[in-house]
$ cat input-v9.csv   # CSV, C-alpha atoms
chain,number,residue,atom,x,y,z
A,1,MET,CA,-57.9,108.0,23.7
A,2,LYS,CA,-55.2,107.7,26.4
A,3,ILE,CA,-56.5,108.7,29.8
A,4,LEU,CA,-54.4,109.7,32.8
A,5,ILE,CA,-55.9,109.4,36.3
A,6,THR,CA,-53.9,110.8,39.3
A,7,GLY,CA,-55.0,109.5,42.6
A,8,ALA,CA,-56.1,106.3,40.9
A,9,ASN,CA,-56.1,104.2,44.0
A,10,GLY,CA,-58.3,106.6,46.0
A,11,PHE,CA,-62.0,106.4,46.5
A,12,VAL,CA,-63.0,108.3,43.4
A,13,GLY,CA,-60.1,106.9,41.5
A,14,LYS,CA,-61.1,103.3,42.0
A,15,ASN,CA,-64.6,103.9,40.9
A,16,LEU,CA,-63.6,105.9,37.9
A,17,VAL,CA,-60.8,103.4,36.8
A,18,SER,CA,-63.1,100.4,37.1
A,19,THR,CA,-65.7,102.1,35.0
A,20,LEU,CA,-63.2,103.2,32.4
A,21,LYS,CA,-61.8,99.6,32.2
A,22,ASN,CA,-65.3,98.3,31.6
A,23,ILE,CA,-65.7,100.7,28.8
A,24,LYS,CA,-62.3,99.9,27.3
A,25,GLY,CA,-63.0,96.2,27.6
A,26,GLY,CA,-66.4,96.5,25.9
A,27,LYS,CA,-68.3,95.4,29.0
A,28,ASP,CA,-70.0,98.8,29.3
A,29,LYS,CA,-71.5,99.9,26.0
A,30,THR,CA,-73.4,103.0,27.3
A,31,ARG,CA,-70.7,105.4,26.4
A,32,ASN,CA,-69.2,106.7,23.1
A,33,ILE,CA,-65.6,106.6,24.3
A,34,ASP,CA,-62.8,104.8,22.5
A,35,ILE,CA,-60.1,104.1,25.1
A,36,GLU,CA,-56.7,102.9,24.1
A,37,ASP,CA,-54.9,103.2,27.4
A,38,ILE,CA,-55.6,104.0,31.0
A,39,TYR,CA,-52.6,105.5,32.9
A,40,SER,CA,-53.1,105.1,36.7
A,41,TYR,CA,-50.9,107.3,38.8
A,42,ASP,CA,-50.7,107.2,42.6
A,43,VAL,CA,-48.3,107.4,45.5
A,44,ASP,CA,-46.5,104.2,44.5
A,45,ASN,CA,-45.6,105.7,41.1
A,46,THR,CA,-42.5,107.7,40.4
A,47,ILE,CA,-42.1,111.2,38.9
A,48,GLU,CA,-40.7,109.4,35.8
A,49,ASP,CA,-44.0,107.6,35.4
A,50,LEU,CA,-45.8,111.0,35.5
A,51,LYS,CA,-43.5,112.4,32.9
A,52,LYS,CA,-44.2,109.5,30.6
A,53,TYR,CA,-47.9,109.7,31.1
A,54,THR,CA,-48.2,113.5,30.7
A,55,SER,CA,-46.2,113.2,27.4
A,56,ASP,CA,-48.7,110.8,25.9
A,57,CYS,CA,-52.2,111.3,27.5
A,58,ASP,CA,-55.3,112.8,25.7
A,59,PHE,CA,-57.3,113.6,28.9
A,60,VAL,CA,-56.4,114.0,32.6
A,61,PHE,CA,-58.5,113.2,35.6
A,62,HIS,CA,-56.7,114.9,38.4
A,63,LEU,CA,-58.1,113.2,41.5
A,64,ALA,CA,-55.0,113.2,43.7
A,65,GLY,CA,-55.1,115.3,46.8
A,66,ILE,CA,-54.6,115.4,50.6
A,67,ASN,CA,-57.4,115.8,53.1
A,68,ARG,CA,-56.1,114.3,56.3
A,69,PRO,CA,-52.5,115.5,56.6
A,70,LYS,CA,-50.1,115.0,59.6
A,71,ASP,CA,-49.0,118.6,59.1
A,72,ILE,CA,-50.8,121.6,57.6
A,73,SER,CA,-48.1,122.0,55.0
A,74,GLU,CA,-49.1,118.7,53.4
A,75,PHE,CA,-52.4,120.3,52.4
A,76,TYR,CA,-50.5,122.7,50.1
A,77,GLN,CA,-48.0,120.1,49.0
A,78,GLY,CA,-50.6,117.6,48.0
A,79,ASN,CA,-53.4,119.9,46.7
A,80,ALA,CA,-51.5,122.8,45.2
A,81,THR,CA,-47.9,122.1,44.6
A,82,PHE,CA,-48.6,118.7,43.0
A,83,THR,CA,-51.1,120.3,40.7
A,84,GLU,CA,-48.5,122.9,39.7
A,85,THR,CA,-46.1,120.0,38.9
A,86,LEU,CA,-48.7,118.2,36.8
A,87,CYS,CA,-49.4,121.4,34.8
A,88,SER,CA,-45.7,122.0,34.3
A,89,LEU,CA,-45.1,118.6,33.0
A,90,LEU,CA,-48.0,118.9,30.5
A,91,GLU,CA,-46.6,122.2,29.4
A,92,GLU,CA,-43.1,120.7,28.9
A,93,HIS,CA,-44.6,118.2,26.5
A,94,ASP,CA,-46.8,120.9,24.9
A,95,ASN,CA,-49.7,118.7,25.8
A,96,LYS,CA,-53.1,120.5,25.5
A,97,SER,CA,-55.1,117.7,27.0
A,98,PRO,CA,-58.3,118.7,28.8
A,99,ILE,CA,-57.9,118.4,32.6
A,100,LEU,CA,-60.7,117.6,35.1
A,101,ILE,CA,-59.9,118.2,38.8
A,102,SER,CA,-61.9,116.9,41.7
A,103,SER,CA,-61.9,120.0,44.0
A,104,SER,CA,-64.1,120.6,47.0
A,105,ILE,CA,-66.9,122.8,48.2
A,106,GLN,CA,-64.4,123.8,50.9
A,107,ALA,CA,-62.5,125.7,48.2
A,108,SER,CA,-64.7,128.7,48.9
A,109,LYS,CA,-64.0,128.6,52.6
A,110,ASP,CA,-61.3,130.1,54.8
A,111,ASN,CA,-59.5,127.0,56.0
A,112,ASP,CA,-56.2,125.4,55.0
A,113,TYR,CA,-57.8,122.6,53.2
A,114,GLY,CA,-60.1,124.9,51.2
A,115,LYS,CA,-57.2,127.4,50.5
A,116,SER,CA,-55.0,124.6,49.2
A,117,LYS,CA,-57.8,123.3,46.9
A,118,LYS,CA,-58.4,126.9,45.7
A,119,GLU,CA,-54.7,127.3,44.9
A,120,GLY,CA,-54.8,124.0,42.9
A,121,GLU,CA,-57.8,125.4,41.0
A,122,GLU,CA,-55.9,128.6,40.2
A,123,TYR,CA,-52.9,126.7,38.9
A,124,LEU,CA,-55.2,124.8,36.5
A,125,LEU,CA,-57.0,127.9,35.3
A,126,ASN,CA,-53.6,129.6,34.6
A,127,HIS,CA,-52.5,126.4,32.8
A,128,GLY,CA,-55.7,126.4,30.7
A,129,GLU,CA,-55.2,129.9,29.6
A,130,LYS,CA,-51.5,129.4,28.8
A,131,MET,CA,-52.0,126.2,26.8
A,132,ASP,CA,-55.5,126.9,25.5
A,133,SER,CA,-56.6,123.7,27.2
A,134,LYS,CA,-60.1,122.9,28.5
A,135,VAL,CA,-60.3,122.8,32.3
A,136,TYR,CA,-63.1,121.3,34.3
A,137,ILE,CA,-63.2,122.3,37.9
A,138,TYR,CA,-65.6,120.2,40.0
A,139,ARG,CA,-66.3,121.3,43.5
A,140,LEU,CA,-67.6,118.2,45.1
A,141,ALA,CA,-69.9,117.9,48.1
A,142,ASN,CA,-69.4,115.1,50.7
A,143,LEU,CA,-69.1,111.9,48.7
A,144,PHE,CA,-70.3,108.4,49.6
A,145,GLY,CA,-70.3,105.0,47.9
A,146,LYS,CA,-68.5,101.7,47.7
A,147,TRP,CA,-64.7,101.6,48.4
A,148,CYS,CA,-64.8,104.8,50.5
A,149,ARG,CA,-62.5,104.4,53.5
A,150,PRO,CA,-64.4,104.3,56.8
A,151,ASN,CA,-63.3,106.1,60.0
A,152,TYR,CA,-61.3,108.6,57.9
A,153,ASN,CA,-63.1,111.6,56.5
A,154,SER,CA,-66.5,110.4,55.4
A,155,VAL,CA,-69.3,110.2,58.0
A,156,THR,CA,-71.4,108.1,55.6
A,157,ALA,CA,-68.7,105.6,55.1
A,158,THR,CA,-67.9,105.5,58.8
A,159,TRP,CA,-71.6,105.1,59.9
A,160,CYS,CA,-72.3,102.4,57.2
A,161,TYR,CA,-69.2,100.5,58.3
A,162,ASN,CA,-69.9,100.8,62.0
A,163,VAL,CA,-73.6,99.9,61.8
A,164,ALA,CA,-72.9,96.9,59.5
A,165,ASN,CA,-70.2,95.7,61.9
A,166,GLY,CA,-72.3,96.2,65.1
A,167,LYS,CA,-70.4,99.2,66.3
A,168,ASP,CA,-71.8,102.4,67.8
A,169,ILE,CA,-72.0,105.6,65.9
A,170,GLN,CA,-71.6,109.1,67.3
A,171,ILE,CA,-73.9,112.0,66.5
A,172,ASN,CA,-72.9,115.4,67.9
A,173,ASP,CA,-75.8,117.4,66.4
A,174,PRO,CA,-78.6,115.5,64.7
A,175,ASN,CA,-79.9,118.7,63.1
A,176,VAL,CA,-76.8,119.6,61.1
A,177,GLU,CA,-77.5,119.3,57.4
A,178,LEU,CA,-75.1,117.5,55.2
A,179,PRO,CA,-74.8,117.8,51.4
A,180,LEU,CA,-74.1,114.4,49.8
A,181,CYS,CA,-73.1,113.3,46.3
A,182,TYR,CA,-73.2,109.6,45.3
A,183,ILE,CA,-70.0,108.2,43.7
A,184,ASP,CA,-71.9,106.8,40.7
A,185,ASP,CA,-73.4,110.2,40.0
A,186,VAL,CA,-69.9,111.7,40.2
A,187,VAL,CA,-68.4,109.1,37.8
A,188,ASN,CA,-71.3,109.6,35.4
A,189,GLU,CA,-70.7,113.4,35.3
A,190,PHE,CA,-67.0,112.9,34.9
A,191,LEU,CA,-67.7,110.7,31.9
A,192,ASN,CA,-70.0,113.4,30.5
A,193,ALA,CA,-67.1,115.8,30.7
A,194,LEU,CA,-64.8,113.2,29.0
A,195,GLU,CA,-67.3,113.1,26.2
A,196,GLY,CA,-67.3,116.9,26.0
A,197,HIS,CA,-70.8,117.6,27.4
A,198,PRO,CA,-70.6,118.3,31.1
A,199,THR,CA,-73.9,119.0,32.7
A,200,VAL,CA,-73.8,122.1,34.9
A,201,CYS,CA,-71.4,125.0,35.1
A,202,LYS,CA,-71.8,128.1,37.2
A,203,GLU,CA,-69.3,130.9,37.2
A,204,GLY,CA,-66.6,128.6,35.8
A,205,ILE,CA,-67.2,125.8,38.3
A,206,TYR,CA,-68.8,122.6,37.3
A,207,GLU,CA,-71.2,120.7,39.5
A,208,VAL,CA,-72.3,117.1,40.0
A,209,HIS,CA,-76.1,116.7,40.4
A,210,PRO,CA,-78.0,115.7,42.3
A,211,VAL,CA,-76.8,116.9,45.6
A,212,HIS,CA,-78.8,115.3,48.4
A,213,HIS,CA,-79.3,117.3,51.6
A,214,VAL,CA,-80.0,115.3,54.7
A,215,LYS,CA,-79.7,116.0,58.5
A,216,LEU,CA,-77.3,113.9,60.4
A,217,GLY,CA,-80.0,112.4,62.6
A,218,GLU,CA,-82.0,111.4,59.5
A,219,LEU,CA,-78.9,109.9,57.9
A,220,ALA,CA,-78.2,107.8,61.0
A,221,ASP,CA,-81.8,106.6,61.1
A,222,ILE,CA,-81.7,105.5,57.5
A,223,ILE,CA,-78.5,103.6,57.9
A,224,LYS,CA,-79.7,101.9,61.1
A,225,SER,CA,-82.9,100.9,59.3
A,226,PHE,CA,-80.8,98.9,56.8
A,227,LYS,CA,-79.5,96.7,59.5
A,228,GLU,CA,-83.0,96.3,61.1
A,229,SER,CA,-84.4,95.4,57.7
A,230,ARG,CA,-83.0,91.9,58.0
A,231,GLY,CA,-85.5,91.4,60.8
A,232,THR,CA,-88.4,93.4,59.5
A,233,LEU,CA,-87.9,92.3,55.9
A,234,ASN,CA,-88.7,95.8,54.8
A,235,VAL,CA,-87.1,96.8,51.5
A,236,PRO,CA,-85.6,100.3,51.5
A,237,ASP,CA,-87.0,103.0,49.2
A,238,MET,CA,-85.8,101.9,45.7
A,239,LYS,CA,-87.2,104.8,43.7
A,240,GLU,CA,-84.8,105.7,40.9
A,241,GLY,CA,-82.4,108.4,42.1
A,242,SER,CA,-83.5,108.3,45.7
A,243,LEU,CA,-80.9,108.9,48.5
A,244,GLU,CA,-82.1,105.8,50.3
A,245,LYS,CA,-81.4,103.6,47.3
A,246,LYS,CA,-77.9,104.9,46.9
A,247,LEU,CA,-77.2,104.6,50.7
A,248,TYR,CA,-78.4,101.0,50.7
A,249,SER,CA,-76.0,100.1,47.9
A,250,THR,CA,-73.3,101.8,49.9
A,251,TYR,CA,-74.2,100.1,53.2
A,252,LEU,CA,-74.1,96.6,51.7
A,253,SER,CA,-70.5,97.2,50.6
A,254,TYR,CA,-69.4,97.4,54.2
A,255,LEU,CA,-71.0,94.1,55.4
A,256,PRO,CA,-68.5,91.8,57.1
A,257,LYS,CA,-67.4,89.0,54.8
A,258,ASP,CA,-69.1,86.4,57.0
A,259,LYS,CA,-72.3,88.3,57.2
A,260,PHE,CA,-73.6,88.4,53.6
A,261,SER,CA,-76.3,85.9,54.6
A,262,TYR,CA,-79.1,86.0,57.1
A,263,PRO,CA,-81.8,83.5,58.1
A,264,LEU,CA,-85.5,83.9,57.6
A,265,LYS,CA,-88.3,82.7,59.9
A,266,MET,CA,-89.8,79.5,58.4
A,267,ASN,CA,-93.3,78.8,59.6
A,268,THR,CA,-93.2,75.0,59.3
A,269,ASP,CA,-95.8,72.2,59.9
A,270,GLN,CA,-96.6,68.8,58.5
A,271,ARG,CA,-97.9,70.4,55.3
A,272,GLY,CA,-94.7,72.1,54.5
A,273,SER,CA,-93.6,75.7,55.2
A,274,PHE,CA,-94.5,79.4,54.6
A,275,THR,CA,-91.7,82.0,54.7
A,276,GLU,CA,-91.9,85.7,54.3
A,277,PHE,CA,-89.0,87.0,52.2
A,278,LEU,CA,-89.5,90.7,51.4
A,279,LYS,CA,-91.9,93.5,52.4
A,280,THR,CA,-92.4,97.0,50.9
A,281,GLU,CA,-94.6,99.9,51.8
A,282,GLU,CA,-95.9,100.4,48.3
A,283,TYR,CA,-95.6,97.1,46.5
A,284,GLY,CA,-96.7,94.5,49.0
A,285,GLN,CA,-94.6,91.5,50.0
A,286,VAL,CA,-93.0,88.3,48.6
A,287,SER,CA,-93.1,84.9,50.3
A,288,VAL,CA,-92.0,81.3,49.6
A,289,ASN,CA,-94.5,78.5,50.1
A,290,VAL,CA,-93.4,74.8,50.2
A,291,SER,CA,-96.1,72.1,50.0
A,292,LYS,CA,-95.6,68.4,50.7
A,293,PRO,CA,-97.0,65.9,48.1
A,294,GLY,CA,-100.8,65.7,48.3
A,295,ILE,CA,-101.2,68.7,50.4
A,296,THR,CA,-103.9,71.4,49.7
A,297,LYS,CA,-103.3,74.9,50.9
A,298,GLY,CA,-105.4,78.0,50.7
A,299,GLN,CA,-109.2,77.5,50.7
A,300,HIS,CA,-109.9,81.3,51.2
A,301,TRP,CA,-110.7,84.5,49.4
A,302,HIS,CA,-110.0,88.2,49.7
A,303,HIS,CA,-112.0,91.5,49.3
A,304,SER,CA,-109.1,93.6,48.1
A,305,LYS,CA,-105.9,91.7,48.6
A,306,ASN,CA,-104.7,90.1,45.4
A,307,GLU,CA,-101.8,87.8,44.8
A,308,LYS,CA,-99.6,86.2,42.1
A,309,PHE,CA,-98.4,82.6,42.4
A,310,LEU,CA,-95.4,81.2,40.6
A,311,VAL,CA,-94.6,77.6,41.0
A,312,VAL,CA,-90.8,77.2,40.5
A,313,SER,CA,-90.4,73.5,41.5
A,314,GLY,CA,-92.8,70.5,41.5
A,315,LYS,CA,-96.3,70.1,40.0
A,316,GLY,CA,-99.6,71.6,41.2
A,317,LEU,CA,-103.2,72.4,40.6
A,318,ILE,CA,-104.7,75.8,41.4
A,319,GLN,CA,-108.5,75.9,41.7
A,320,PHE,CA,-110.8,79.0,41.8
A,321,ARG,CA,-114.4,79.6,42.4
A,322,ASP,CA,-116.3,82.9,42.5
A,323,ILE,CA,-118.0,82.8,46.0
A,324,TYR,CA,-121.4,83.4,44.3
A,325,SER,CA,-120.9,80.6,41.7
A,326,ASN,CA,-120.6,76.8,41.7
A,327,GLU,CA,-118.2,76.8,38.7
A,328,ILE,CA,-114.7,75.6,39.5
A,329,ILE,CA,-111.8,76.9,37.4
A,330,GLU,CA,-108.6,74.9,37.3
A,331,TYR,CA,-105.0,75.7,36.3
A,332,TYR,CA,-102.2,73.1,36.2
A,333,VAL,CA,-98.8,74.5,37.1
A,334,SER,CA,-95.3,73.2,37.0
A,335,GLY,CA,-91.7,74.2,37.7
A,336,ASP,CA,-90.9,72.9,34.2
A,337,LYS,CA,-93.0,75.7,32.7
A,338,LEU,CA,-92.9,78.9,34.6
A,339,GLU,CA,-96.3,80.7,34.5
A,340,VAL,CA,-97.7,83.4,36.8
A,341,ILE,CA,-101.2,82.8,38.1
A,342,ASP,CA,-103.2,85.9,39.1
A,343,ILE,CA,-105.4,85.4,42.2
A,344,PRO,CA,-108.5,87.7,41.6
A,345,THR,CA,-110.5,89.2,44.5
A,346,GLY,CA,-113.8,87.5,45.3
A,347,TYR,CA,-112.6,84.1,44.2
A,348,THR,CA,-111.9,81.5,46.8
A,349,HIS,CA,-108.8,79.5,45.8
A,350,ASN,CA,-106.5,76.7,46.7
A,351,ILE,CA,-103.2,75.2,45.6
A,352,ILE,CA,-102.7,71.4,45.6
A,353,ASN,CA,-99.4,69.6,45.3
A,354,ILE,CA,-100.2,66.8,42.7
A,355,GLY,CA,-96.6,65.8,42.3
A,356,GLU,CA,-94.3,63.3,44.2
A,357,THR,CA,-91.9,66.0,45.5
A,358,ASP,CA,-92.2,69.2,47.4
A,359,MET,CA,-93.8,72.0,45.4
A,360,VAL,CA,-92.2,75.4,45.8
A,361,THR,CA,-94.2,78.5,45.0
A,362,ILE,CA,-93.2,82.1,45.0
A,363,MET,CA,-96.1,84.2,46.2
A,364,TRP,CA,-96.5,88.0,45.8
A,365,ALA,CA,-99.3,89.9,47.7
A,366,ASN,CA,-100.2,93.5,46.9
A,367,GLU,CA,-100.0,94.5,50.6
A,368,LYS,CA,-98.0,93.6,53.6
A,369,PHE,CA,-99.8,91.1,55.9
A,370,ASP,CA,-101.6,92.8,58.7
A,371,PRO,CA,-102.8,90.4,61.4
A,372,GLU,CA,-105.3,93.0,62.6
A,373,HIS,CA,-106.9,93.3,59.1
A,374,PRO,CA,-105.9,90.1,57.2
A,375,ASP,CA,-108.7,90.4,54.6
A,376,THR,CA,-108.6,86.5,54.3
A,377,TYR,CA,-111.8,84.5,54.7
A,378,TYR,CA,-112.0,80.7,54.8
A,379,GLU,CA,-114.2,79.0,52.2
A,380,GLU,CA,-113.5,75.7,50.4
A,381,VAL,CA,-113.4,75.8,46.7
$ encode --input "input-v9.csv" --output "structure tokens"
Amino acid sequence: MKILITGANGFVGKNLVSTLKNIKGGKDKTRNIDIEDIYSYDVDNTIEDLKKYTSDCDFVFHLAGINRPKDISEFYQGNATFTETLCSLLEEHDNKSPILISSSIQASKDNDYGKSKKEGEEYLLNHGEKMDSKVYIYRLANLFGKWCRPNYNSVTATWCYNVANGKDIQINDPNVELPLCYIDDVVNEFLNALEGHPTVCKEGIYEVHPVHHVKLGELADIIKSFKESRGTLNVPDMKEGSLEKKLYSTYLSYLPKDKFSYPLKMNTDQRGSFTEFLKTEEYGQVSVNVSKPGITKGQHWHHSKNEKFLVVSGKGLIQFRDIYSNEIIEYYVSGDKLEVIDIPTGYTHNIINIGETDMVTIMWANEKFDPEHPDTYYEEV
């Protein structure tokens, strides 16, 4: 299959082209698509390029368009007239390739951008009838994701960029609700159409699901929380399909190139160190414990808090004792053989560095540490 993408260097185009290249190169094996060539067309190409591509392609992703013109006429030139040109060239070559167009929810509204998008849709529908070609019209909501240009026409991209770069954001009305579509969901649906099984169609218009609805004030709070999470260590909501998960992936793509890293607070003494790494509301927290040779840590038990220890470097001994028993249970651990040790409730326990180098242990607890209710009681093993 030879695929033509107009607007290939735009936000949607970049994400789609990179995905198609992964499929073509065998890096992405989740799709049943045999791609021979990818024809990328954008403003740097010539009309001769477009003539060549339209003579040879088997499927067209028509993503090119204008949304921030210097003059109103550019709306119609970029969104309607160019679509007419594309259809005419396909017809000249008697090319019946299916065409997918990325239109906008604005196409149903009475403004110049919406009118120009609607005209483009009509050109495609007429072309489809004339050539007996399949036409997929997708009216997209406000899109967000990596590679979206900030301070242009996407509030999500602008706010992610500004917050990540320490700049202020402006909220005119925090109660305005915004419909959002994530770029990966868009690309996934476009690939469904390419395979011949688009998901949702209502009255001739195809849709990308899910559409997330969020108030501007809520959106701003979520994005700001990502920046704050480096201090609080709180991990955003990572439930599959959640808006917050998608926004966090987007936010990270706007980090300044010299701000990918951030320090953690190391609680250090003569025994080694203890450093909290990640915290979650539902799944507890992860910490890193470093013990010097010969050092014993722990010597306590919990009512409900439970933990998992994983020694990743060095050698150690973990001892347990039910607080109502004299029996001591021992487990030898080493970074040479990765094993997870569960720490049951009601057992006092310790961890001893029996090696000659620092011992590094990854520790997971089922709850975030609460200094007001630590559920930790000293008792030697």
$ closest_residue --input "input-v9.csv" --among "A:Gly335, A:Pro174, A:Gly284, A:Gly196" --to "A:Tyr136" --atoms "all atoms listed in the file"
A:Gly196
$ closest_residue --input "input-v9.csv" --among "A:Val60, A:Ile35, A:Ile47, A:Cys160" --to "A:Thr6" --atoms "all atoms listed in the file"
A:Val60
$ closest_residue --input "input-v9.csv" --among "A:Phe11, A:Phe260, A:Trp147, A:Phe82" --to "A:Asn165" --atoms "only C-alpha atoms"
A:Phe260
$ residues_near_point --input "input-v9.csv" --point "(-78.1, 116.0, 47.3)" --cutoff "8 Å" --atoms "only C-alpha atoms" --output "list in words"
Pro179, Leu180, Cys181, His209, Pro210, Val211, His212, His213, Val214 and Leu243 of chain A
$ write_last_selection --input "input-v9.csv" --atoms "C-alpha atoms" --output "compact mmCIF listing (two decimals), keeping the file's coordinate frame"
# COMPACT_ATOMS: atom_id res chain seq x y z
CA PRO A 179 -74.80 117.80 51.40
CA LEU A 180 -74.10 114.40 49.80
CA CYS A 181 -73.10 113.30 46.30
CA HIS A 209 -76.10 116.70 40.40
CA PRO A 210 -78.00 115.70 42.30
CA VAL A 211 -76.80 116.90 45.60
CA HIS A 212 -78.80 115.30 48.40
CA HIS A 213 -79.30 117.30 51.60
CA VAL A 214 -80.00 115.30 54.70
CA LEU A 243 -80.90 108.90 48.50
$ residues_around --input "input-v9.csv" --residues "stretch 256-258 of chain A" --least-positions-apart "5" --cutoff "10 Å" --atoms "all atoms listed in the file" --output "short mmCIF file (atom, residue, chain, number, x, y, z; two decimals) with C-alpha atoms, keeping the file's coordinate frame"
data_model
loop_
_atom_site.label_atom_id
_atom_site.label_comp_id
_atom_site.auth_asym_id
_atom_site.auth_seq_id
_atom_site.Cartn_x
_atom_site.Cartn_y
_atom_site.Cartn_z
CA TYR A 161 -69.20 100.50 58.30
CA ALA A 164 -72.90 96.90 59.50
CA ASN A 165 -70.20 95.70 61.90
CA GLY A 166 -72.30 96.20 65.10
#
$ atom_distance --input "input-v9.csv" --atom1 "atom CA of A:Glu339" --atom2 "atom CA of A:Met266"
24.8 Å
$ closest_residue --input "input-v9.csv" --among "A:Lys118, A:Lys368, A:Lys24, A:Lys308" --to "A:Glu281" --atoms "only C-alpha atoms"
A:Lys368
$ atom_distance --input "input-v9.csv" --atom1 "atom CA of A:Met359" --atom2 "atom CA of A:Thr275"
13.8 Å
$ atom_distance --input "input-v9.csv" --atom1 "atom CA of A:Leu194" --atom2 "atom CA of A:Ile33"
8.1 Å
$ residues_around --input "input-v9.csv" --residues "A:Glu203" --least-positions-apart "3" --cutoff "12 Å" --atoms "only C-alpha atoms" --output "PyMOL selection string"
chain A and resi 136-139+200+206-207
$ write_last_selection --input "input-v9.csv" --atoms "C-alpha atoms" --output "PDB file, keeping the file's coordinate frame"
ATOM      1  CA  TYR A 136     -63.100 121.300  34.300  1.00  0.00           C
ATOM      2  CA  ILE A 137     -63.200 122.300  37.900  1.00  0.00           C
ATOM      3  CA  TYR A 138     -65.600 120.200  40.000  1.00  0.00           C
ATOM      4  CA  ARG A 139     -66.300 121.300  43.500  1.00  0.00           C
ATOM      5  CA  VAL A 200     -73.800 122.100  34.900  1.00  0.00           C
ATOM      6  CA  TYR A 206     -68.800 122.600  37.300  1.00  0.00           C
ATOM      7  CA  GLU A 207     -71.200 120.700  39.500  1.00  0.00           C
TER       8      GLU A 207
END
$ closest_residue --input "input-v9.csv" --among "A:Leu317, A:Leu140, A:Leu20, A:Val333" --to "A:Asn350" --atoms "only C-alpha atoms"
A:Leu317
$ closest_residue --input "input-v9.csv" --among "A:Ser261, A:Ser313, A:Ser325, A:Thr156" --to "A:Tyr248" --atoms "all atoms listed in the file"
A:Thr156
$ residues_around --input "input-v9.csv" --residues "A:Thr361" --least-positions-apart "4" --cutoff "8 Å" --atoms "all atoms listed in the file" --output "list in words"
Val288, Asn289, Val290, Phe309, Leu310, Val311, Val312 and Ser313 of chain A
$ write_last_selection --input "input-v9.csv" --atoms "C-alpha atoms" --output "CSV table (one decimal), in the frame of the given file"
chain,number,residue,atom,x,y,z
A,288,VAL,CA,-92.0,81.3,49.6
A,289,ASN,CA,-94.5,78.5,50.1
A,290,VAL,CA,-93.4,74.8,50.2
A,309,PHE,CA,-98.4,82.6,42.4
A,310,LEU,CA,-95.4,81.2,40.6
A,311,VAL,CA,-94.6,77.6,41.0
A,312,VAL,CA,-90.8,77.2,40.5
A,313,SER,CA,-90.4,73.5,41.5
$ residues_around --input "input-v9.csv" --residues "A:Asp173" --least-positions-apart "4" --cutoff "9 Å" --atoms "only C-alpha atoms" --output "PyMOL selection string"
chain A and resi 215-217
$ residues_around --input "input-v9.csv" --residues "stretch 269-274 of chain A" --least-positions-apart "5" --cutoff "9 Å" --atoms "only C-alpha atoms" --output "NGL selection string"
:A and (287-297 or 358)
$ residues_near_point --input "input-v9.csv" --point "(-109.4, 76.4, 41.1)" --cutoff "9 Å" --atoms "all atoms listed in the file" --output "list of chain:residue names"
A:Leu317, A:Ile318, A:Gln319, A:Phe320, A:Arg321, A:Ile328, A:Ile329, A:Glu330, A:Tyr331, A:Tyr347, A:Thr348, A:His349, A:Asn350, A:Ile351, A:Val381
